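Below is one structure, written out as structure tokens, with a few remarks after it.
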Amino acid sequence: MPARINSGFLQVRHRYLFQEVARRVAAFRASHPDADVIPLGIGDVTQPLAPAVIQAMHRAVDDLSQAESFHGYGPENGYDWLREAIAEGDYRSRGIAVDADEIFVNDGAKSDLGNILDLFAGENIVGIPDPVYPAYVDANLLDSRQVRFIPCTEENHYAGEIPQGWLDIIYLCFPNNPTGAVITREHLSEWVRYAREHDSLILFDSAYETFIRDETYPRSIYEIAGADECAIEFRSFSKTAGFTGVRCGYTVIPKALSVCTSSGQRMGLGPLWEFRQGCKFNGASYVAQRGAAAIYTADGRKQTREITDGYLRTAGIIREGLRSAGLSASGGENAPYVWTRTPEGMDDWEFFDRLLTATGIVVTPGSGFGAEGKGHFRITSFGDPGRTAQAMERLKRFVDGL
Ligand code: MLT
């Protein structure tokens, strides 16, 4: 037999969404070298790291320069001082019982959202919201798992109806990427009830929880009673503290959580994940983890909050700009993304191409996030505020001229 590729690659798009966007932008730049491009597509941060984080990372580099304070391989689940800071800062101080040994530090949430699938059998049926961050779908298709889409529409506040049928694994993301929607405590409780009744597992992506300003919305699924028996939570420092280039995040796997083997025996997931990480991962870098721990200091908290406040102000500029162009605007109040319909029902990739060519503005076409995203597009608030304001003026002129 010749070597054969994983047939899952035949199921996925030719290019991952943000690779396709980048390809089109690169082609445009090559053919229009003088164009003034304003990138509001991928949610990549633009503000520098908080001073407290920078200082901690400088000190960490100094540690590495001396034999006495040098660090080689770290523990693959993260240094205890960071796991403890996370458990206290993000959970216990908010009245949520999470222990440091339930925190697994990683190199960003995206890696674990796909890697976690190593723990689960191929025959699990996976429920994925539509529209959605495309990494969930593509990672499951690569593993040839059956995916059932959960439509998330304006009518159900982009939070998805509780399914009638059976789903073994369910991805949820709130505050949501791409719609910027938040989920109410009541609705999230319904998802937890569904998971407990069906012995399903929820993979809860709360990478954007730091943008919640209305505290009536849950930041963590573990605010819902019983979620520790049916949910894994994923968080990231990328958007919380500008770590898109530094790479650090974490996954919470509660000790109370167990899943069945094919013979019906229950197994805790923490030990399996420890094995998986020991086998395939060598831990996030010492410097990144020192930087992450600084987020939990008084200065770190204050400084990172100021940065995320700034992004939310930019989201306000986007919402206002869309409205003045006569377009709808949802999200952007407790989330960094603003979601809107294309003008005159235009196809979203056509809109993307025409907008880019006419104005140099890059957005993300909605259908890249799923079939329900057709005829929509997403704008990120992570861009520079002044440039974003300029982009919104250009967008208005473009829409007015259609
Ligand atoms: C996005 O634009 O959806 C995100 O920045 C992508 C990511 O976090 O990987």
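Going by the structure tokens order, chains are called A, B, ..., each with residues numbered from 1, while ligands are numbered from 1 in the order shown.
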Problem set entry | Gly370 in chain A surroundings by only C-alpha atoms, 8 Å radius, close-in-sequence under 5 positions cut, as a PyMOL selection string | chain A and resi 130-132+134
Using only C-alpha atoms, find each residue in range 208-308 of chain A having at least one atom no more than 8 Å away from range 43-67 of chain A; report its shortest atom-to-atom pair and that distance in Å (one decimal), rows by chain then rising number, as a Markdown table.
```
| residue | atom | partner | partner_atom | distance |
| --- | --- | --- | --- | --- |
| A:Ser238 | CA | A:Val45 | CA | 7.9 |
| A:Lys239 | CA | A:Val45 | CA | 6.9 |
| A:Ala241 | CA | A:Leu49 | CA | 6.6 |
| A:Gly242 | CA | A:Leu49 | CA | 5.8 |
| A:Phe243 | CA | A:Leu49 | CA | 7.6 |
| A:Thr244 | CA | A:Asp44 | CA | 6.6 |
| A:Tyr286 | CA | A:Ala60 | CA | 7.2 |
| A:Val287 | CA | A:Ala60 | CA | 5.3 |
| A:Ala288 | CA | A:Met57 | CA | 7.0 |
| A:Arg290 | CA | A:Ala56 | CA | 5.9 |
| A:Gly291 | CA | A:Val53 | CA | 4.7 |
| A:Ala292 | CA | A:Val53 | CA | 7.0 |
| A:Ala294 | CA | A:Val53 | CA | 5.3 |
| A:Ile295 | CA | A:Val53 | CA | 6.4 |
| A:Asp299 | CA | A:Ala52 | CA | 6.2 |
| A:Gly300 | CA | A:Ala52 | CA | 5.2 |
| A:Gln303 | CA | A:Ala50 | CA | 5.7 |
| A:Thr304 | CA | A:Ala50 | CA | 6.0 |
| A:Ile307 | CA | A:Gln47 | CA | 7.3 |
```
Exercise. With only C-alpha atoms and all ligand atoms as the basis for distance, which of A:Arg387, A:Arg323, A:Arg247, A:Arg354 is at the shortest distance from ligand 1?
Worked result: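 Closest to ligand 1 of all the choices is A:Arg247.
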Each chain A residue no farther than 7 Å from ligand 1, nearest pair in Å, only C-alpha atoms and all ligand atoms, as JSON lines:
```
{"residue": "A:Gly41", "atom": "CA", "partner": "ligand 1", "partner_atom_place_in_ligand_line": "2 (O)", "distance": 6.6}
{"residue": "A:Ile42", "atom": "CA", "partner": "ligand 1", "partner_atom_place_in_ligand_line": "2 (O)", "distance": 3.6}
{"residue": "A:Gly43", "atom": "CA", "partner": "ligand 1", "partner_atom_place_in_ligand_line": "2 (O)", "distance": 3.5}
{"residue": "A:Asp44", "atom": "CA", "partner": "ligand 1", "partner_atom_place_in_ligand_line": "5 (O)", "distance": 5.3}
{"residue": "A:Lys110", "atom": "CA", "partner": "ligand 1", "partner_atom_place_in_ligand_line": "9 (O)", "distance": 5.9}
{"residue": "A:Tyr133", "atom": "CA", "partner": "ligand 1", "partner_atom_place_in_ligand_line": "3 (O)", "distance": 5.8}
{"residue": "A:Asn177", "atom": "CA", "partner": "ligand 1", "partner_atom_place_in_ligand_line": "3 (O)", "distance": 6.2}
{"residue": "A:Pro178", "atom": "CA", "partner": "ligand 1", "partner_atom_place_in_ligand_line": "3 (O)", "distance": 6.6}
```
Go ahead and dump the residues you just picked, C-alpha atoms, as a compact mmCIF listing (two decimals), in the first residue's frame.
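See result34.txt below for the written result:
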```
# COMPACT_ATOMS: atom_id res chain seq x y z
CA GLY A 41 -10.87 41.22 8.76
CA ILE A 42 -9.10 38.77 11.07
CA GLY A 43 -9.47 39.62 14.76
CA ASP A 44 -5.84 40.43 15.33
CA LYS A 110 -7.29 27.62 18.96
CA TYR A 133 -15.45 30.32 14.15
CA ASN A 177 -17.38 34.90 17.12
CA PRO A 178 -18.52 36.02 14.52
```
Return as an mmCIF file with N, CA and C atoms, in the first residue's frame the full set of residues in range 323-384 of chain A whose backbone-based DSSP assignment is alpha helix (DSSP H).
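Okay, this is what ended up in result25.cif:
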```
data_model
loop_
_atom_site.group_PDB
_atom_site.id
_atom_site.type_symbol
_atom_site.label_atom_id
_atom_site.label_comp_id
_atom_site.auth_asym_id
_atom_site.auth_seq_id
_atom_site.Cartn_x
_atom_site.Cartn_y
_atom_site.Cartn_z
ATOM 1 N N ARG A 323 -24.630 51.988 10.904
ATOM 2 C CA ARG A 323 -25.982 52.566 10.947
ATOM 3 C C ARG A 323 -26.072 53.775 10.024
ATOM 4 N N SER A 324 -25.023 54.605 10.048
ATOM 5 C CA SER A 324 -25.115 55.805 9.202
ATOM 6 C C SER A 324 -25.030 55.427 7.722
ATOM 7 N N ASP A 348 -21.830 37.829 -0.134
ATOM 8 C CA ASP A 348 -20.834 38.396 0.781
ATOM 9 C C ASP A 348 -19.401 38.363 0.235
ATOM 10 N N TRP A 349 -19.070 37.341 -0.561
ATOM 11 C CA TRP A 349 -17.712 37.345 -1.142
ATOM 12 C C TRP A 349 -17.607 38.406 -2.235
ATOM 13 N N GLU A 350 -18.737 38.612 -2.963
ATOM 14 C CA GLU A 350 -18.732 39.672 -3.985
ATOM 15 C C GLU A 350 -18.566 41.031 -3.282
ATOM 16 N N PHE A 351 -19.296 41.187 -2.168
ATOM 17 C CA PHE A 351 -19.187 42.434 -1.394
ATOM 18 C C PHE A 351 -17.745 42.632 -0.924
ATOM 19 N N PHE A 352 -17.162 41.548 -0.390
ATOM 20 C CA PHE A 352 -15.771 41.612 0.092
ATOM 21 C C PHE A 352 -14.846 42.125 -1.017
ATOM 22 N N ASP A 353 -14.963 41.504 -2.203
ATOM 23 C CA ASP A 353 -14.063 41.865 -3.314
ATOM 24 C C ASP A 353 -14.298 43.303 -3.773
ATOM 25 N N ARG A 354 -15.582 43.671 -3.887
ATOM 26 C CA ARG A 354 -15.876 45.026 -4.389
ATOM 27 C C ARG A 354 -15.450 46.088 -3.385
ATOM 28 N N LEU A 355 -15.698 45.815 -2.102
ATOM 29 C CA LEU A 355 -15.319 46.778 -1.056
ATOM 30 C C LEU A 355 -13.796 46.951 -1.022
ATOM 31 N N LEU A 356 -13.096 45.839 -1.110
ATOM 32 C CA LEU A 356 -11.627 45.883 -1.080
ATOM 33 C C LEU A 356 -11.100 46.687 -2.273
ATOM 34 N N THR A 357 -11.631 46.378 -3.443
ATOM 35 C CA THR A 357 -11.144 47.047 -4.658
ATOM 36 C C THR A 357 -11.457 48.537 -4.625
ATOM 37 N N ALA A 358 -12.673 48.882 -4.173
ATOM 38 C CA ALA A 358 -13.083 50.290 -4.233
ATOM 39 C C ALA A 358 -12.513 51.117 -3.086
ATOM 40 N N THR A 359 -12.296 50.496 -1.912
ATOM 41 C CA THR A 359 -11.964 51.309 -0.730
ATOM 42 C C THR A 359 -10.710 50.851 0.014
#
```
Polymer residues at most 12 Å from Gly270 in chain A, only C-alpha atoms, same-chain spacing of 4 or more positions, as a compact mmCIF listing (two decimals) with N, CA, C and O atoms, in the first residue's frame:
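Resulting contents of selection16.txt:
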```txt
# COMPACT_ATOMS: atom_id res chain seq x y z
N ASN A 77 1.65 21.21 31.55
CA ASN A 77 0.33 21.79 31.86
C ASN A 77 0.43 23.22 32.37
O ASN A 77 -0.58 23.82 32.74
N ASP A 101 -5.27 22.63 39.58
CA ASP A 101 -4.95 21.43 38.78
C ASP A 101 -6.04 21.07 37.77
O ASP A 101 -5.95 20.07 37.07
N GLU A 102 -7.05 21.92 37.68
CA GLU A 102 -8.05 21.76 36.61
C GLU A 102 -7.76 22.72 35.44
O GLU A 102 -8.49 22.73 34.45
N ILE A 103 -6.70 23.52 35.60
CA ILE A 103 -6.30 24.49 34.56
C ILE A 103 -5.14 23.89 33.77
O ILE A 103 -4.14 23.47 34.35
N PHE A 104 -5.25 23.91 32.46
CA PHE A 104 -4.19 23.38 31.59
C PHE A 104 -3.74 24.51 30.65
O PHE A 104 -4.49 24.91 29.75
N ILE A 116 -8.28 18.94 21.42
CA ILE A 116 -9.08 18.22 22.42
C ILE A 116 -9.79 17.02 21.77
O ILE A 116 -10.11 16.04 22.44
N LEU A 119 -9.23 13.23 22.29
CA LEU A 119 -9.78 12.44 23.38
C LEU A 119 -11.05 11.69 22.99
O LEU A 119 -11.49 10.81 23.73
N ILE A 232 -16.15 21.51 29.13
CA ILE A 232 -14.75 21.95 29.14
C ILE A 232 -14.77 23.41 28.69
O ILE A 232 -15.53 23.77 27.77
N THR A 251 -7.10 25.83 29.14
CA THR A 251 -8.30 25.00 29.06
C THR A 251 -8.62 24.54 30.47
O THR A 251 -7.70 24.21 31.23
N VAL A 252 -9.91 24.53 30.80
CA VAL A 252 -10.33 24.06 32.12
C VAL A 252 -11.02 22.71 31.96
O VAL A 252 -12.02 22.60 31.23
N ILE A 253 -10.47 21.69 32.60
CA ILE A 253 -11.10 20.36 32.57
C ILE A 253 -11.40 19.99 34.03
O ILE A 253 -10.50 19.63 34.78
N PRO A 254 -12.67 20.13 34.42
CA PRO A 254 -13.01 19.87 35.83
C PRO A 254 -12.81 18.40 36.20
O PRO A 254 -13.02 17.50 35.37
N LYS A 255 -12.44 18.18 37.46
CA LYS A 255 -12.24 16.79 37.93
C LYS A 255 -13.58 16.04 37.95
O LYS A 255 -13.61 14.83 37.86
N ALA A 256 -14.69 16.79 38.06
CA ALA A 256 -16.01 16.15 38.11
C ALA A 256 -16.46 15.62 36.75
O ALA A 256 -17.46 14.91 36.66
N LEU A 257 -15.73 15.98 35.71
CA LEU A 257 -16.17 15.63 34.35
C LEU A 257 -15.66 14.26 33.93
O LEU A 257 -14.46 13.98 34.03
N SER A 258 -16.56 13.42 33.48
CA SER A 258 -16.13 12.11 32.96
C SER A 258 -16.94 11.78 31.72
O SER A 258 -18.05 12.30 31.53
N VAL A 259 -16.37 10.95 30.87
CA VAL A 259 -17.02 10.57 29.61
C VAL A 259 -16.89 9.06 29.48
O VAL A 259 -15.94 8.45 29.99
N GLU A 274 -3.77 15.08 30.22
CA GLU A 274 -2.38 15.17 30.68
C GLU A 274 -1.50 14.25 29.85
O GLU A 274 -0.39 14.61 29.45
N PHE A 275 -2.01 13.05 29.58
CA PHE A 275 -1.25 12.10 28.77
C PHE A 275 -1.04 12.67 27.37
O PHE A 275 0.06 12.68 26.82
N ARG A 276 -2.13 13.16 26.80
CA ARG A 276 -2.09 13.69 25.43
C ARG A 276 -1.07 14.84 25.32
O ARG A 276 -0.27 14.92 24.40
N GLN A 277 -1.11 15.73 26.32
CA GLN A 277 -0.19 16.88 26.29
C GLN A 277 1.26 16.42 26.51
O GLN A 277 2.17 16.93 25.87
```
